[in-house]
Amino acid sequence: MSFVSQFKAQAGEKTRDLRHRQFIRTALRGYETARDKRKGAFQSWESARQAAAETKWEAINHLDEHLVALTRQLEARGTKVHWASTGAQAREIIAQILRDKQARCIIKSKAMTSEEIHLNDALEKEGFTVVESDLGEFIVQLRHETPYHIVFPSMHLTRGEIRELFQRELGDAPSDTPEDLTMVARRVMRQKYITADVGFTGANFAIAETGMISITENEGNSRLTAALPKTMVTLIGIEKVLPRFADLALFLPMLATAGAGQPMTCYNTMYSGPRQPGEADGPEEWHVVLLDNRRTELLADTEQRDALHCIRCGACLNVCPIFRNVGGHTYGTTYSGPVGAVITPHLRGLQEWKHLSNASSLCGVCTEACPVKIDLHHHLLQNRRNASASQPAFLEKLAYKIFGIVANEPAFWSLAKKLGWLTQPLHDAVKGSALDPARAWTKTRDLPPMPRETFKDWWRKRMKAE
Amino acid sequence: MKKAETILNERDNILGRIREALKASAPLPGSHGGSHEHTPAGPPASHAREWLPAVGTSAAEQFELFARNAADLKADFQLLASREELKAALIKLRDAGKWQRIASHGGELTDFAGKSLGLPVTLTDRGYDVQEMEQCDAGITECDALIAQTGSVAVTSRSAGGRALSVLPPHHVVIARRDQLVADLPAAFARLQEKYAPDFPSMISFITGPSRTGDIERILVLGAHGPKKLTILCI
């Protein structure tokens, strides 16, 4: 099945699932209330957005300089930096590190880049044990599922479903309270931290000025992943750079506010190297893998370059009416929602993924929600334009051509109106069925009845009567 | 070893593609379809203080704000007047939590805490046994800064006994000095930079409340993987 027909089938199924819709709506309403409260605490959220957008502009438009500065400083303090043009290269680099270390068990904290390159599958095929430590990621890993949402991976599941899952997979679930279920995961994970050979993390920001990787999390799982195993591996997209250490003073609270309605996420941690002389603990080796994976293609598109400003907060997903109705899995992509619809065509092919840009009402609520002011809904329009320019839809073109001829010629136009009025009852007989040529449109929509007398007819009659 | 060689060259390939792409300039944010000229008026984030949540200027206001934020975060914050009060507060925590063993690191305030508690201590300074630390009832550390604006505590691998001490034991107790309170995040970053640059500790962490998760039905649970309790004692 093609990506587009899969999308359509799943979207149809999910939008009819009222339980799903209600559940997601309740969760996101809570998010909106918290976010608005936190935004309200800012003296000027709008100025902060503009500053964040300008800072990311500066970072992305001097990306080469920042990456050179970042790696120079990371390497100076003993970190090994690797560069990967493709997902396959990144997987090979990481697998080679694990082979060199003769590792068996890898403990992971949440990383969307690893979802992007399908790292877990690749490592498991080589015989490594991979354990996701973020609670939501752990839950979807047990279900052999991809994350539902880039920030809240398991938000589609009820506590009952999670309890059943834990009973089946772990043989341990005293009750279905979130507290008890979280403690089950805590107990399971504690020993894994202590015995894992390698800790794997993603990253939220990379600081060029000081050579640091900044990781944002609530649970403390990433802190432990970066503290206990002897080897640490971090996979980061090249677009995550910020120029200065002090920029984090703005970005950390904005990420927390836009992403989860928190004033600050519980742990915001900056790493600048493996364990240094005189320090009590930390990995002996730290490998940082910089991933391109077609980000440079997006960089080359000046019109949409700002999509690389994205800090993956998930705010645009949370407010999107399409996301709320079709759900996260329907997209079939690593990055879902508006930002996923914008960047996936660049990362995985325009023609295969153009349907995501069409699945939008262009309401613009995503653009308003974005803390770094990415012009998301215009980018959806640009994707549509680019898709039809590179592969025009001939039937659509033909239809518009015929419409142009008819609409330009008054005689044809009144004939068409008459025909429309005459044939509409015939269409009603097949409307929405397999025999209907306009089925894709009419299946879920009603055309208002064509009037016997048009406004023009009525006007003419009225003028004559006077 | 062809593979390794090609991967070695990816640095130049990626930087080359970036430089090629950046030959064309992109419009500034907020100027949809507009100007391509960028005239930066200093780093935008240097004005962050003007936009972030407001903080009062007096120490009293800032301590009050820190206390309010800590309460929102479900952290326990105690402003203490003397060493005697600090000792009493620690003993109260020990008895309430039925502590048997604590983990800590060498430091003026942590040494005082160790003496006050009279419990066996796992010290991290010269390396430690992880299983032993995992069995400890509390991790007691010093810190680099308290941030009034957010109720955060800034710790580093140098000032707080390494990376695991502040997250592995189920109760993290921070002992801070009053002069470690700063107004806001920009001040905290400035203080860290002043204190350490260019030789930063390998880990700097802003801890904002005890470990938490909302991954099950978006309902808040404390103590996901890190400490269930966070106590900040300030003298």
# chains A, B, ... in the order shown; residues from 1 in each chain; ligands from 1

$ residues_around --residues "Tyr148 (chain A)" --least-positions-apart "4" --cutoff "6 Å" --atoms "only C-alpha atoms" --output "number ranges by chain"
A: 153, 328-329

$ write_last_selection --atoms "all heavy atoms" --output "PDB file, in the first residue's frame"
ATOM      1  N   PRO A 153       5.266  10.062  24.016  1.00  0.00           N
ATOM      2  CA  PRO A 153       5.206   8.884  23.115  1.00  0.00           C
ATOM      3  C   PRO A 153       4.009   7.972  23.355  1.00  0.00           C
ATOM      4  O   PRO A 153       3.529   7.334  22.424  1.00  0.00           O
ATOM      5  CB  PRO A 153       6.506   8.130  23.435  1.00  0.00           C
ATOM      6  CG  PRO A 153       7.360   9.085  24.195  1.00  0.00           C
ATOM      7  CD  PRO A 153       6.465  10.066  24.860  1.00  0.00           C
ATOM      8  N   GLY A 328      -1.309  10.509  15.969  1.00  0.00           N
ATOM      9  CA  GLY A 328       0.105  10.568  15.601  1.00  0.00           C
ATOM     10  C   GLY A 328       0.576   9.456  14.688  1.00  0.00           C
ATOM     11  O   GLY A 328       1.421   9.668  13.827  1.00  0.00           O
ATOM     12  N   HIS A 329       0.024   8.248  14.858  1.00  0.00           N
ATOM     13  CA  HIS A 329       0.533   7.115  14.078  1.00  0.00           C
ATOM     14  C   HIS A 329       0.131   7.177  12.607  1.00  0.00           C
ATOM     15  O   HIS A 329       0.793   6.621  11.745  1.00  0.00           O
ATOM     16  CB  HIS A 329       0.050   5.792  14.679  1.00  0.00           C
ATOM     17  CG  HIS A 329       0.773   5.446  15.941  1.00  0.00           C
ATOM     18  ND1 HIS A 329       0.148   4.891  17.035  1.00  0.00           N
ATOM     19  CD2 HIS A 329       2.069   5.587  16.295  1.00  0.00           C
ATOM     20  CE1 HIS A 329       1.038   4.700  18.003  1.00  0.00           C
ATOM     21  NE2 HIS A 329       2.207   5.118  17.575  1.00  0.00           N
TER      22      HIS A 329
END

$ residues_around --residues "region 74-82 of chain B" --least-positions-apart "6" --cutoff "12 Å" --atoms "only C-alpha atoms" --output "short mmCIF file (atom, residue, chain, number, x, y, z; two decimals) with N, CA and C atoms, in the first residue's frame"
data_model
loop_
_atom_site.label_atom_id
_atom_site.label_comp_id
_atom_site.auth_asym_id
_atom_site.auth_seq_id
_atom_site.Cartn_x
_atom_site.Cartn_y
_atom_site.Cartn_z
N CYS A 266 12.33 19.36 34.28
CA CYS A 266 12.96 18.99 35.55
C CYS A 266 14.50 18.95 35.49
N ALA B 60 14.97 39.61 49.68
CA ALA B 60 13.79 39.06 50.35
C ALA B 60 12.75 38.61 49.32
N PHE B 63 14.01 35.39 47.60
CA PHE B 63 13.86 34.18 48.42
C PHE B 63 12.39 33.75 48.48
N GLU B 64 11.53 34.76 48.54
CA GLU B 64 10.10 34.45 48.60
C GLU B 64 9.65 33.77 47.29
N LEU B 65 10.15 34.30 46.17
CA LEU B 65 9.80 33.72 44.87
C LEU B 65 10.35 32.30 44.75
N PHE B 66 11.59 32.11 45.20
CA PHE B 66 12.18 30.77 45.15
C PHE B 66 11.33 29.80 45.96
N ALA B 67 10.91 30.23 47.14
CA ALA B 67 10.11 29.36 48.01
C ALA B 67 8.77 29.02 47.34
N ARG B 68 8.17 30.02 46.69
CA ARG B 68 6.88 29.78 46.02
C ARG B 68 7.04 28.80 44.85
N ALA B 88 19.65 20.56 62.96
CA ALA B 88 18.33 20.09 63.40
C ALA B 88 17.48 19.65 62.20
N ALA B 89 17.55 20.43 61.11
CA ALA B 89 16.75 20.10 59.92
C ALA B 89 17.21 18.77 59.33
N LEU B 90 18.52 18.55 59.30
CA LEU B 90 19.05 17.29 58.75
C LEU B 90 18.61 16.10 59.61
N LEU B 93 15.08 15.23 58.93
CA LEU B 93 14.93 14.49 57.67
C LEU B 93 15.36 13.03 57.86
N LEU B 146 21.17 28.79 43.21
CA LEU B 146 19.71 28.63 43.30
C LEU B 146 19.12 29.73 42.43
N ALA B 148 15.95 31.98 41.57
CA ALA B 148 14.65 32.42 42.10
C ALA B 148 13.55 32.30 41.04
N GLY B 151 12.91 28.38 40.52
CA GLY B 151 13.01 27.42 41.62
C GLY B 151 14.01 26.30 41.33
N SER B 152 14.97 26.57 40.43
CA SER B 152 15.93 25.55 40.04
C SER B 152 17.18 25.60 40.92
N VAL B 153 17.88 24.46 40.95
CA VAL B 153 19.18 24.35 41.60
C VAL B 153 20.19 24.00 40.51
N HIS B 171 16.28 10.32 47.63
CA HIS B 171 16.05 11.65 48.22
C HIS B 171 17.31 12.49 47.99
N HIS B 172 17.16 13.60 47.29
CA HIS B 172 18.31 14.49 47.06
C HIS B 172 18.19 15.68 48.00
N VAL B 173 19.22 15.85 48.82
CA VAL B 173 19.25 17.00 49.73
C VAL B 173 20.37 17.93 49.27
N VAL B 174 20.00 19.17 48.98
CA VAL B 174 20.96 20.18 48.55
C VAL B 174 21.21 21.12 49.71
N ILE B 175 22.47 21.36 50.01
CA ILE B 175 22.77 22.39 51.03
C ILE B 175 23.41 23.58 50.33
N ALA B 176 22.75 24.73 50.44
CA ALA B 176 23.18 25.93 49.71
C ALA B 176 23.47 27.07 50.67
N ARG B 177 24.29 27.99 50.19
CA ARG B 177 24.53 29.21 50.96
C ARG B 177 23.65 30.32 50.39
N ARG B 178 23.28 31.27 51.26
CA ARG B 178 22.40 32.35 50.82
C ARG B 178 22.95 33.11 49.61
N LEU B 181 22.04 32.32 45.85
CA LEU B 181 20.78 32.64 45.17
C LEU B 181 21.02 33.70 44.11
N ILE B 207 18.45 21.53 38.08
CA ILE B 207 17.44 20.62 38.62
C ILE B 207 16.25 21.45 39.07
N THR B 208 15.09 21.16 38.51
CA THR B 208 13.89 21.95 38.81
C THR B 208 12.83 21.02 39.39
N GLY B 209 12.89 20.81 40.68
CA GLY B 209 11.95 19.92 41.35
C GLY B 209 12.42 18.48 41.31
N PRO B 210 11.73 17.61 42.08
CA PRO B 210 12.07 16.18 42.05
C PRO B 210 11.72 15.57 40.69
N SER B 211 12.38 14.47 40.34
CA SER B 211 12.13 13.75 39.08
C SER B 211 10.64 13.51 38.90
N ARG B 212 10.16 13.61 37.66
CA ARG B 212 8.72 13.49 37.43
C ARG B 212 8.42 12.92 36.04
N LEU B 220 0.66 13.59 36.68
CA LEU B 220 1.98 13.79 37.28
C LEU B 220 2.31 12.72 38.32
N VAL B 221 3.47 12.08 38.14
CA VAL B 221 3.99 11.14 39.14
C VAL B 221 5.41 11.57 39.47
N LEU B 222 5.74 11.66 40.76
CA LEU B 222 7.10 12.05 41.16
C LEU B 222 7.98 10.82 41.31
N GLY B 223 9.28 11.01 41.04
CA GLY B 223 10.23 9.91 41.22
C GLY B 223 10.19 8.91 40.09
N PRO B 227 15.29 11.14 41.92
CA PRO B 227 14.77 11.21 43.29
C PRO B 227 13.28 11.50 43.36
N LYS B 228 12.63 10.86 44.34
CA LYS B 228 11.21 11.16 44.59
C LYS B 228 11.06 12.43 45.40
N LYS B 229 12.12 12.73 46.16
CA LYS B 229 12.07 13.93 47.01
C LYS B 229 13.28 14.80 46.77
N LEU B 230 13.03 16.11 46.79
CA LEU B 230 14.13 17.08 46.69
C LEU B 230 13.98 18.07 47.84
N THR B 231 15.03 18.16 48.67
CA THR B 231 15.01 19.12 49.78
C THR B 231 16.15 20.10 49.58
N ILE B 232 15.84 21.39 49.71
CA ILE B 232 16.87 22.41 49.57
C ILE B 232 16.99 23.14 50.90
N LEU B 233 18.14 22.98 51.54
CA LEU B 233 18.39 23.64 52.82
C LEU B 233 19.35 24.79 52.56
N CYS B 234 18.92 26.00 52.90
CA CYS B 234 19.74 27.17 52.60
C CYS B 234 20.11 27.89 53.88
N ILE B 235 21.42 28.09 54.10
CA ILE B 235 21.81 28.81 55.32
C ILE B 235 22.55 30.11 54.99
#

$ residues_around --residues "region 238-242 of chain A" --least-positions-apart "5" --cutoff "9 Å" --atoms "only C-alpha atoms" --output "list in words"
Thr55, Lys56, Glu58, Ala59, Ile60, Leu63, His66, Leu67, Leu70, Ala203, Asn204, Phe205, Ala206, Ile207, Ala208, Glu209, Ile213, Asp247, Leu248, Leu290, Leu291, Asp292, Arg295, Thr296, Leu308, His309, Cys310 and Ile311 of chain A

$ closest_residue --among "A:Glu284, A:Asp100, A:Glu217, A:Glu54" --to "Ser133 (chain A)" --atoms "only C-alpha atoms"
A:Glu217

$ closest_residue --among "B:Arg101, B:Arg158, B:Arg191, B:Lys87" --to "chain A" --atoms "only C-alpha atoms"
B:Arg158

$ closest_residue --among "A:Tyr31, A:Tyr267, A:Phe23, A:Phe166" --to "chain B" --atoms "only C-alpha atoms"
A:Tyr267

$ closest_atom_pairs --of "region 181-218 of chain A" --to "region 200-206 of chain B" --cutoff "10 Å" --atoms "only C-alpha atoms" --output "Markdown table"
| residue | atom | partner | partner_atom | distance |
| --- | --- | --- | --- | --- |
| A:Thr210 | CA | B:Phe200 | CA | 8.4 |
| A:Gly211 | CA | B:Phe200 | CA | 9.8 |
| A:Met212 | CA | B:Ser202 | CA | 8.8 |
| A:Ile213 | CA | B:Met203 | CA | 9.7 |
| A:Ser214 | CA | B:Ile204 | CA | 9.2 |
| A:Ile215 | CA | B:Ser205 | CA | 9.3 |
| A:Thr216 | CA | B:Phe206 | CA | 9.6 |

$ write_last_selection --atoms "N, CA, C and O atoms" --output "PDB file, in the first residue's frame"
ATOM      1  N   THR A 210      30.825  26.968  23.819  1.00  0.00           N
ATOM      2  CA  THR A 210      31.491  26.247  24.903  1.00  0.00           C
ATOM      3  C   THR A 210      31.670  24.753  24.607  1.00  0.00           C
ATOM      4  O   THR A 210      32.217  24.036  25.442  1.00  0.00           O
ATOM      5  N   GLY A 211      31.210  24.283  23.439  1.00  0.00           N
ATOM      6  CA  GLY A 211      31.366  22.870  23.107  1.00  0.00           C
ATOM      7  C   GLY A 211      30.566  21.966  24.023  1.00  0.00           C
ATOM      8  O   GLY A 211      31.120  21.092  24.684  1.00  0.00           O
ATOM      9  N   MET A 212      29.265  22.200  24.104  1.00  0.00           N
ATOM     10  CA  MET A 212      28.422  21.419  25.007  1.00  0.00           C
ATOM     11  C   MET A 212      27.208  20.844  24.281  1.00  0.00           C
ATOM     12  O   MET A 212      26.734  21.410  23.302  1.00  0.00           O
ATOM     13  N   ILE A 213      26.712  19.729  24.816  1.00  0.00           N
ATOM     14  CA  ILE A 213      25.463  19.145  24.354  1.00  0.00           C
ATOM     15  C   ILE A 213      24.470  19.290  25.500  1.00  0.00           C
ATOM     16  O   ILE A 213      24.774  18.912  26.630  1.00  0.00           O
ATOM     17  N   SER A 214      23.305  19.856  25.208  1.00  0.00           N
ATOM     18  CA  SER A 214      22.317  20.087  26.260  1.00  0.00           C
ATOM     19  C   SER A 214      21.132  19.138  26.087  1.00  0.00           C
ATOM     20  O   SER A 214      20.595  18.997  24.990  1.00  0.00           O
ATOM     21  N   ILE A 215      20.766  18.475  27.178  1.00  0.00           N
ATOM     22  CA  ILE A 215      19.677  17.491  27.135  1.00  0.00           C
ATOM     23  C   ILE A 215      18.601  17.892  28.140  1.00  0.00           C
ATOM     24  O   ILE A 215      18.886  18.182  29.298  1.00  0.00           O
ATOM     25  N   THR A 216      17.359  17.906  27.671  1.00  0.00           N
ATOM     26  CA  THR A 216      16.220  18.314  28.480  1.00  0.00           C
ATOM     27  C   THR A 216      15.328  17.108  28.761  1.00  0.00           C
ATOM     28  O   THR A 216      14.989  16.386  27.828  1.00  0.00           O
TER      29      THR A 216
END

$ select_by_dssp --residues "region 173-243 of chain A" --states "strand (DSSP E or B)" --output "PyMOL selection string"
chain A and resi 198-201+205-207+212-217+231-237+241-242

$ select_by_dssp --residues "region 4-230 of chain B" --states "helix (DSSP H, G or I)" --output "PyMOL selection string"
chain B and resi 4-21+44-51+59-72+83-97+108-117+130-134+178-180+185-196

$ residues_around --residues "region 131-142 of chain B" --least-positions-apart "5" --cutoff "7 Å" --atoms "only C-alpha atoms" --output "ChimeraX atom specification"
/B:99-105,109-110,122,159-161,165-166,168-176

$ write_last_selection --atoms "C-alpha atoms" --output "PDB file, in the first residue's frame"
ATOM      1  CA  TRP B  99      17.817   6.844  56.849  1.00  0.00           C
ATOM      2  CA  GLN B 100      20.367   4.079  57.386  1.00  0.00           C
ATOM      3  CA  ARG B 101      23.083   5.232  55.009  1.00  0.00           C
ATOM      4  CA  ILE B 102      23.742   8.342  52.994  1.00  0.00           C
ATOM      5  CA  ALA B 103      25.862   9.208  49.977  1.00  0.00           C
ATOM      6  CA  SER B 104      27.739  12.481  49.773  1.00  0.00           C
ATOM      7  CA  HIS B 105      30.914  14.201  48.654  1.00  0.00           C
ATOM      8  CA  LEU B 109      28.769  22.046  54.067  1.00  0.00           C
ATOM      9  CA  THR B 110      28.484  18.362  53.213  1.00  0.00           C
ATOM     10  CA  THR B 122      29.380   6.606  50.820  1.00  0.00           C
ATOM     11  CA  SER B 159      30.562  20.975  42.931  1.00  0.00           C
ATOM     12  CA  ALA B 160      28.041  18.205  43.645  1.00  0.00           C
ATOM     13  CA  GLY B 161      30.020  14.974  43.835  1.00  0.00           C
ATOM     14  CA  LEU B 165      24.893  11.457  43.319  1.00  0.00           C
ATOM     15  CA  SER B 166      22.129  13.968  42.641  1.00  0.00           C
ATOM     16  CA  LEU B 168      20.515   7.892  41.999  1.00  0.00           C
ATOM     17  CA  PRO B 169      19.449   7.975  45.699  1.00  0.00           C
ATOM     18  CA  PRO B 170      15.683   8.398  46.267  1.00  0.00           C
ATOM     19  CA  HIS B 171      16.050  11.645  48.217  1.00  0.00           C
ATOM     20  CA  HIS B 172      18.308  14.489  47.062  1.00  0.00           C
ATOM     21  CA  VAL B 173      19.254  16.998  49.732  1.00  0.00           C
ATOM     22  CA  VAL B 174      20.965  20.179  48.546  1.00  0.00           C
ATOM     23  CA  ILE B 175      22.768  22.387  51.029  1.00  0.00           C
ATOM     24  CA  ALA B 176      23.181  25.929  49.709  1.00  0.00           C
TER      25      ALA B 176
END

$ residues_around --residues "Cys320 (chain A)" --least-positions-apart "2" --cutoff "7 Å" --atoms "only C-alpha atoms" --output "list of chain:residue names"
A:Cys316, A:Leu317, A:Asn318, A:Ile322, A:Phe323, A:Arg324, A:Gly337, A:Val365, A:Cys366

$ write_last_selection --atoms "C-alpha atoms" --output "PDB file, in the first residue's frame"
ATOM      1  CA  CYS A 316       2.439  22.558  16.680  1.00  0.00           C
ATOM      2  CA  LEU A 317       1.268  18.942  17.035  1.00  0.00           C
ATOM      3  CA  ASN A 318      -0.636  19.732  20.210  1.00  0.00           C
ATOM      4  CA  ILE A 322      -5.634  17.467  11.960  1.00  0.00           C
ATOM      5  CA  PHE A 323      -3.269  15.853  14.460  1.00  0.00           C
ATOM      6  CA  ARG A 324      -5.996  15.821  17.105  1.00  0.00           C
ATOM      7  CA  GLY A 337       1.933  17.036  12.904  1.00  0.00           C
ATOM      8  CA  VAL A 365      -2.596  27.832  14.510  1.00  0.00           C
ATOM      9  CA  CYS A 366       0.694  25.887  14.235  1.00  0.00           C
TER      10      CYS A 366
END

$ closest_residue --among "A:Ser175, A:Ser2, A:Asn221, A:Thr442" --to "chain B" --atoms "only C-alpha atoms"
A:Asn221

$ residues_around --residues "Cys370 (chain A)" --least-positions-apart "2" --cutoff "9 Å" --atoms "only C-alpha atoms" --output "list in words"
Arg49, Ala258, Cys310, Cys313, Gly314, Ala315, Cys316, Val365, Cys366, Thr367, Glu368, Val372, Lys373, Ile374, Asp375 and Leu376 of chain A
